Amino acid sequence: MLHRPDASHRAHLSVFDAVAILVGIVVGIGIFRTPSLVAAHVESEVAFLGVWLLGGLVTLVGALCYAELSAAHPHSGGEYHFLSRAYGQPVAMMFGWARTSVIQTGAIAGVAFVLGDYAATLLPLGPYGGAIYAALTILVLTAVNIAGTFQSKWLQIAVTALEIGIILAIIGFGFFSSTTIIPVPSAEPGTAALGLALVFVLLTYGGWNEASYLAGEVKNASRDIARVFLIGTVVLVTVYVSVNLALLMVLGLDGLRGSGVVAADMMRMVAGESGAKVVSLGILVAAVSTLNATIFTGARSASALARDVTWLAGMSQWSAQRQTPARALVLQAIISLALVCFGAATQDGFRAMVDYAAPVFWAFLFLTGLALFVLRFREPDRTLPYKVPLYPATPILFCLSCLYMLHSSIAYTGTGALIGLAAVAVGAPILLFRRRDAEADDGAAGTAAEKTLSP
């Protein structure tokens with residue numbers, strides 16, 4: 001059975017604490033990579049900024065829906081808990097499998113590619129330099145985790161502060177620099193597909209839903225979790241729109257399209273080569289921390305899921321000496337390295353990982369949005385401390401947005417999307433071997449309480 005939260009556990013997070021954690025989770029290294037991909041699929045500067053605002057609106061609508069679910073069903077299991085209550089243990093277990101086989105490992109490989117791209121600007125290793133750096137980093141950090149090295153929360157706080165510092169520097173240089181935009185020759189956007197641009201935008205916003213996992217930790221969660229979602233979302237939209245406006249003011253749309261390392265290229269223009277190197281080093285440190293955290297949590301998700309599947313029981317075993325899920329870490333590394341090899345064979349490894357994980361992510365986000373209707377129907381007498389405004393229009397809009405993103409992440413992407421969906425389908429037989437004594441609500445935190453990528 002998955003880990004059962006201690007009955008003596010007490011909620012201890014204030015609204016400020018929870019908002020700070022949420023922003024720290026979401027503001028990852030994706031903002032240093034995705035703007036160029038978004039720019040490649042829009043036709044004008046207005047469309048570029050508009051798609052970031054539209055992504056913020058979709059995020060806000062989703063946050064309103066999650067606020068009702070989290071206030072009515074506060075639990076550290078988050079989405080696993082909602083899906084289990086609405087549809088039963090099999091759907092929740094498939095969500096756990098999807099995190100293990102696609103979402104988490106895709107996040108590991110994606111973050112590793114961003115790290116590799118920036119490392120290659122400092123010390124080039126040839127055409128496959130980014131992939132080489134990505135693979136080596138996964139191997140080293142997996143070995144560190146197997147050795148039993150635990151994370152320091154103060155290190156994580158310091159790295160988050162570093163990320164925020166880089167973002168503030170980008171905004172400041174963009175708004176106050178007198179640098180003239182120098183157009184960079186690049187290919188015109190092939191499809192100008194709004195759907196595909198939104199895939200990358202919402203990937204960058206990805207992680208806002210993780211606030212649902214904080215519901216079991218927030219004081220007066222039934223009353224305050226909605227405030228966490230709303231305040232956190234407004235902060236995120238403000239930061240991301242400001243960053244992209246700053247990048248646009250310095251690099252221009254063509255410059256963004258032609259850059260794989262937008263932060264470094266921007267700083268190179270306004271502060272010279274030394275500025276670019278300083279920013280690249282800062283992003284590398286942040287990427288290592290993000291990747292280490294993703295490896296750390298991902299292996300524990302896989303180990304927790306394995307406890308509910310009889311034939312995966314061996315994968316749930318921990319090293320008694322090192323207190324780490326060594327077998328799960330090894331399996332996770334193998335899958336992640338396979339994805340790095342797959343990404344290296346494409347033109348853009350990071351984009352290949354987005355293709356791989358996005359359809360699965362949006363499919364389960366749709367099911368979670370739909371769960372709001374299911375739970376209201378099944379539990380009509382349940383007190384709702386917070387009700388989503390304009391019901392049923394708001395959750396309908398969210399579900400339709402998820403379906404549109406699911407369609408876009410399949411129709412406008414490469415074969416990676418189909419491979420990701422196939423990986424989830426391959427896991428269906430685990431339902432035949434689930435432990436019958438496992439309660440889906442117990443240990444939801446173990447399977448779903450920790451973040452995937454927010455690149």
# chains A, B, ... in the order shown; residues from 1 in each chain; ligands from 1

$ residues_around --residues "Pro359 of chain A" --least-positions-apart "3" --cutoff "7 Å" --atoms "only C-alpha atoms" --output "compact mmCIF listing (two decimals) with C-alpha atoms, in the first residue's frame"
# COMPACT_ATOMS: atom_id res chain seq x y z
CA TRP A 362 -3.69 17.45 -21.13
CA ALA A 363 -5.68 14.21 -21.18
CA LEU A 406 -4.98 17.73 -26.37
CA SER A 409 -0.51 18.61 -28.90
CA ILE A 410 -1.29 15.66 -31.19
CA ALA A 417 3.12 12.65 -29.08

$ closest_residue --among "A:Ala425, A:Leu390, A:Leu123, A:Leu194" --to "Val51 of chain A" --atoms "only C-alpha atoms"
A:Leu194

$ residues_around --residues "segment 144-147 of chain A" --least-positions-apart "5" --cutoff "7 Å" --atoms "only C-alpha atoms" --output "ChimeraX atom specification"
/A:296,322,324,326,329

$ residues_around --residues "Val61 of chain A" --least-positions-apart "2" --cutoff "9 Å" --atoms "only C-alpha atoms" --output "PDB file with N, CA and C atoms, in the first residue's frame"
ATOM      1  N   GLY A  56      -2.270  32.684 -19.987  1.00  0.00           N
ATOM      2  CA  GLY A  56      -2.557  33.086 -18.615  1.00  0.00           C
ATOM      3  C   GLY A  56      -4.032  32.983 -18.283  1.00  0.00           C
ATOM      4  N   LEU A  57      -4.893  33.321 -19.273  1.00  0.00           N
ATOM      5  CA  LEU A  57      -6.345  33.223 -19.062  1.00  0.00           C
ATOM      6  C   LEU A  57      -6.768  31.768 -18.877  1.00  0.00           C
ATOM      7  N   VAL A  58      -6.233  30.874 -19.714  1.00  0.00           N
ATOM      8  CA  VAL A  58      -6.547  29.451 -19.574  1.00  0.00           C
ATOM      9  C   VAL A  58      -6.081  28.936 -18.214  1.00  0.00           C
ATOM     10  N   THR A  59      -4.911  29.374 -17.797  1.00  0.00           N
ATOM     11  CA  THR A  59      -4.385  28.979 -16.486  1.00  0.00           C
ATOM     12  C   THR A  59      -5.296  29.465 -15.369  1.00  0.00           C
ATOM     13  N   ALA A  63      -7.297  27.301 -12.686  1.00  0.00           N
ATOM     14  CA  ALA A  63      -7.061  27.520 -11.259  1.00  0.00           C
ATOM     15  C   ALA A  63      -8.369  27.671 -10.500  1.00  0.00           C
ATOM     16  N   LEU A  64      -9.359  28.329 -11.101  1.00  0.00           N
ATOM     17  CA  LEU A  64     -10.669  28.478 -10.451  1.00  0.00           C
ATOM     18  C   LEU A  64     -11.327  27.120 -10.241  1.00  0.00           C
ATOM     19  N   CYS A  65     -11.196  26.229 -11.225  1.00  0.00           N
ATOM     20  CA  CYS A  65     -11.781  24.886 -11.107  1.00  0.00           C
ATOM     21  C   CYS A  65     -11.049  24.072 -10.043  1.00  0.00           C
ATOM     22  N   TYR A  66      -9.736  24.131 -10.064  1.00  0.00           N
ATOM     23  CA  TYR A  66      -8.951  23.391  -9.073  1.00  0.00           C
ATOM     24  C   TYR A  66      -9.180  23.937  -7.671  1.00  0.00           C
ATOM     25  N   THR A 394     -17.649  28.105 -16.441  1.00  0.00           N
ATOM     26  CA  THR A 394     -16.199  28.122 -16.220  1.00  0.00           C
ATOM     27  C   THR A 394     -15.564  26.743 -16.368  1.00  0.00           C
ATOM     28  N   PRO A 395     -16.086  25.702 -15.674  1.00  0.00           N
ATOM     29  CA  PRO A 395     -15.474  24.377 -15.873  1.00  0.00           C
ATOM     30  C   PRO A 395     -15.669  23.828 -17.281  1.00  0.00           C
ATOM     31  N   LEU A 397     -15.605  25.687 -19.980  1.00  0.00           N
ATOM     32  CA  LEU A 397     -14.550  26.363 -20.742  1.00  0.00           C
ATOM     33  C   LEU A 397     -13.198  25.713 -20.488  1.00  0.00           C
ATOM     34  N   PHE A 398     -12.939  25.338 -19.244  1.00  0.00           N
ATOM     35  CA  PHE A 398     -11.667  24.694 -18.926  1.00  0.00           C
ATOM     36  C   PHE A 398     -11.553  23.336 -19.618  1.00  0.00           C
TER      37      PHE A 398
END

$ residues_around --residues "Ala287 of chain A" --least-positions-apart "3" --cutoff "8 Å" --atoms "only C-alpha atoms" --output "PyMOL selection string"
chain A and resi 29+111-112+114-115+283-284+290-291

$ write_last_selection --atoms "N, CA and C atoms" --output "PDB file, in the first residue's frame"
ATOM      1  N   ILE A  29      12.981  26.622 -15.415  1.00  0.00           N
ATOM      2  CA  ILE A  29      13.887  27.041 -16.478  1.00  0.00           C
ATOM      3  C   ILE A  29      13.202  27.059 -17.846  1.00  0.00           C
ATOM      4  N   VAL A 111      14.281  18.991 -19.105  1.00  0.00           N
ATOM      5  CA  VAL A 111      15.128  19.885 -18.315  1.00  0.00           C
ATOM      6  C   VAL A 111      16.598  19.645 -18.644  1.00  0.00           C
ATOM      7  N   ALA A 112      16.964  18.376 -18.829  1.00  0.00           N
ATOM      8  CA  ALA A 112      18.353  18.047 -19.156  1.00  0.00           C
ATOM      9  C   ALA A 112      18.760  18.656 -20.495  1.00  0.00           C
ATOM     10  N   VAL A 114      17.535  21.472 -21.797  1.00  0.00           N
ATOM     11  CA  VAL A 114      17.739  22.912 -21.589  1.00  0.00           C
ATOM     12  C   VAL A 114      19.108  23.150 -20.967  1.00  0.00           C
ATOM     13  N   LEU A 115      19.439  22.347 -19.965  1.00  0.00           N
ATOM     14  CA  LEU A 115      20.761  22.452 -19.354  1.00  0.00           C
ATOM     15  C   LEU A 115      21.853  22.238 -20.399  1.00  0.00           C
ATOM     16  N   ILE A 283      21.798  29.949 -15.058  1.00  0.00           N
ATOM     17  CA  ILE A 283      20.754  29.039 -15.539  1.00  0.00           C
ATOM     18  C   ILE A 283      21.204  27.594 -15.383  1.00  0.00           C
ATOM     19  N   LEU A 284      22.484  27.315 -15.596  1.00  0.00           N
ATOM     20  CA  LEU A 284      22.997  25.961 -15.409  1.00  0.00           C
ATOM     21  C   LEU A 284      22.821  25.505 -13.961  1.00  0.00           C
ATOM     22  N   THR A 290      16.835  21.970 -10.522  1.00  0.00           N
ATOM     23  CA  THR A 290      15.532  21.507 -10.992  1.00  0.00           C
ATOM     24  C   THR A 290      15.587  20.046 -11.397  1.00  0.00           C
ATOM     25  N   LEU A 291      16.634  19.673 -12.119  1.00  0.00           N
ATOM     26  CA  LEU A 291      16.770  18.292 -12.572  1.00  0.00           C
ATOM     27  C   LEU A 291      16.943  17.344 -11.388  1.00  0.00           C
TER      28      LEU A 291
END

$ closest_residue --among "A:Thr383, A:Ser336, A:Thr413, A:Ser36" --to "Gln104 of chain A" --atoms "only C-alpha atoms"
A:Ser336

$ atom_distance --atom1 "atom CA of Val46 of chain A" --atom2 "atom CA of Thr34 of chain A"
17.1 Å

$ closest_residue --among "A:Arg99, A:Ser44, A:Leu418, A:Leu162" --to "Val285 of chain A" --atoms "only C-alpha atoms"
A:Leu162

$ residues_around --residues "segment 225-233 of chain A" --least-positions-apart "4" --cutoff "6 Å" --atoms "only C-alpha atoms" --output "list of chain:residue names"
A:Val15, A:Val19, A:Ala63, A:Ala67, A:Ala221

$ write_last_selection --atoms "C-alpha atoms" --output "PDB file, in the first residue's frame"
ATOM      1  CA  VAL A  15      -1.413  31.624   2.188  1.00  0.00           C
ATOM      2  CA  VAL A  19       1.865  31.097  -2.917  1.00  0.00           C
ATOM      3  CA  ALA A  63      -7.061  27.520 -11.259  1.00  0.00           C
ATOM      4  CA  ALA A  67      -9.732  25.811  -6.258  1.00  0.00           C
ATOM      5  CA  ALA A 221      -7.482  25.035   3.361  1.00  0.00           C
TER       6      ALA A 221
END

$ atom_distance --atom1 "atom CA of Phe32 of chain A" --atom2 "atom CA of Gly416 of chain A"
22.1 Å

$ residues_around --residues "segment 349-352 of chain A" --least-positions-apart "3" --cutoff "9 Å" --atoms "only C-alpha atoms" --output "ChimeraX atom specification"
/A:33-34,37,109-114,130-131,200,339-346,355-357,413-417

$ select_by_dssp --residues "segment 314-403 of chain A" --states "alpha helix (DSSP H)" --output "ChimeraX atom specification"
/A:326-344,349-378,393-403

$ closest_residue --among "A:Ala119, A:Leu168, A:Leu375, A:Ile21" --to "His81 of chain A" --atoms "only C-alpha atoms"
A:Leu375

$ atom_distance --atom1 "atom CA of Asp224 of chain A" --atom2 "atom CA of Ala20 of chain A"
14.2 Å
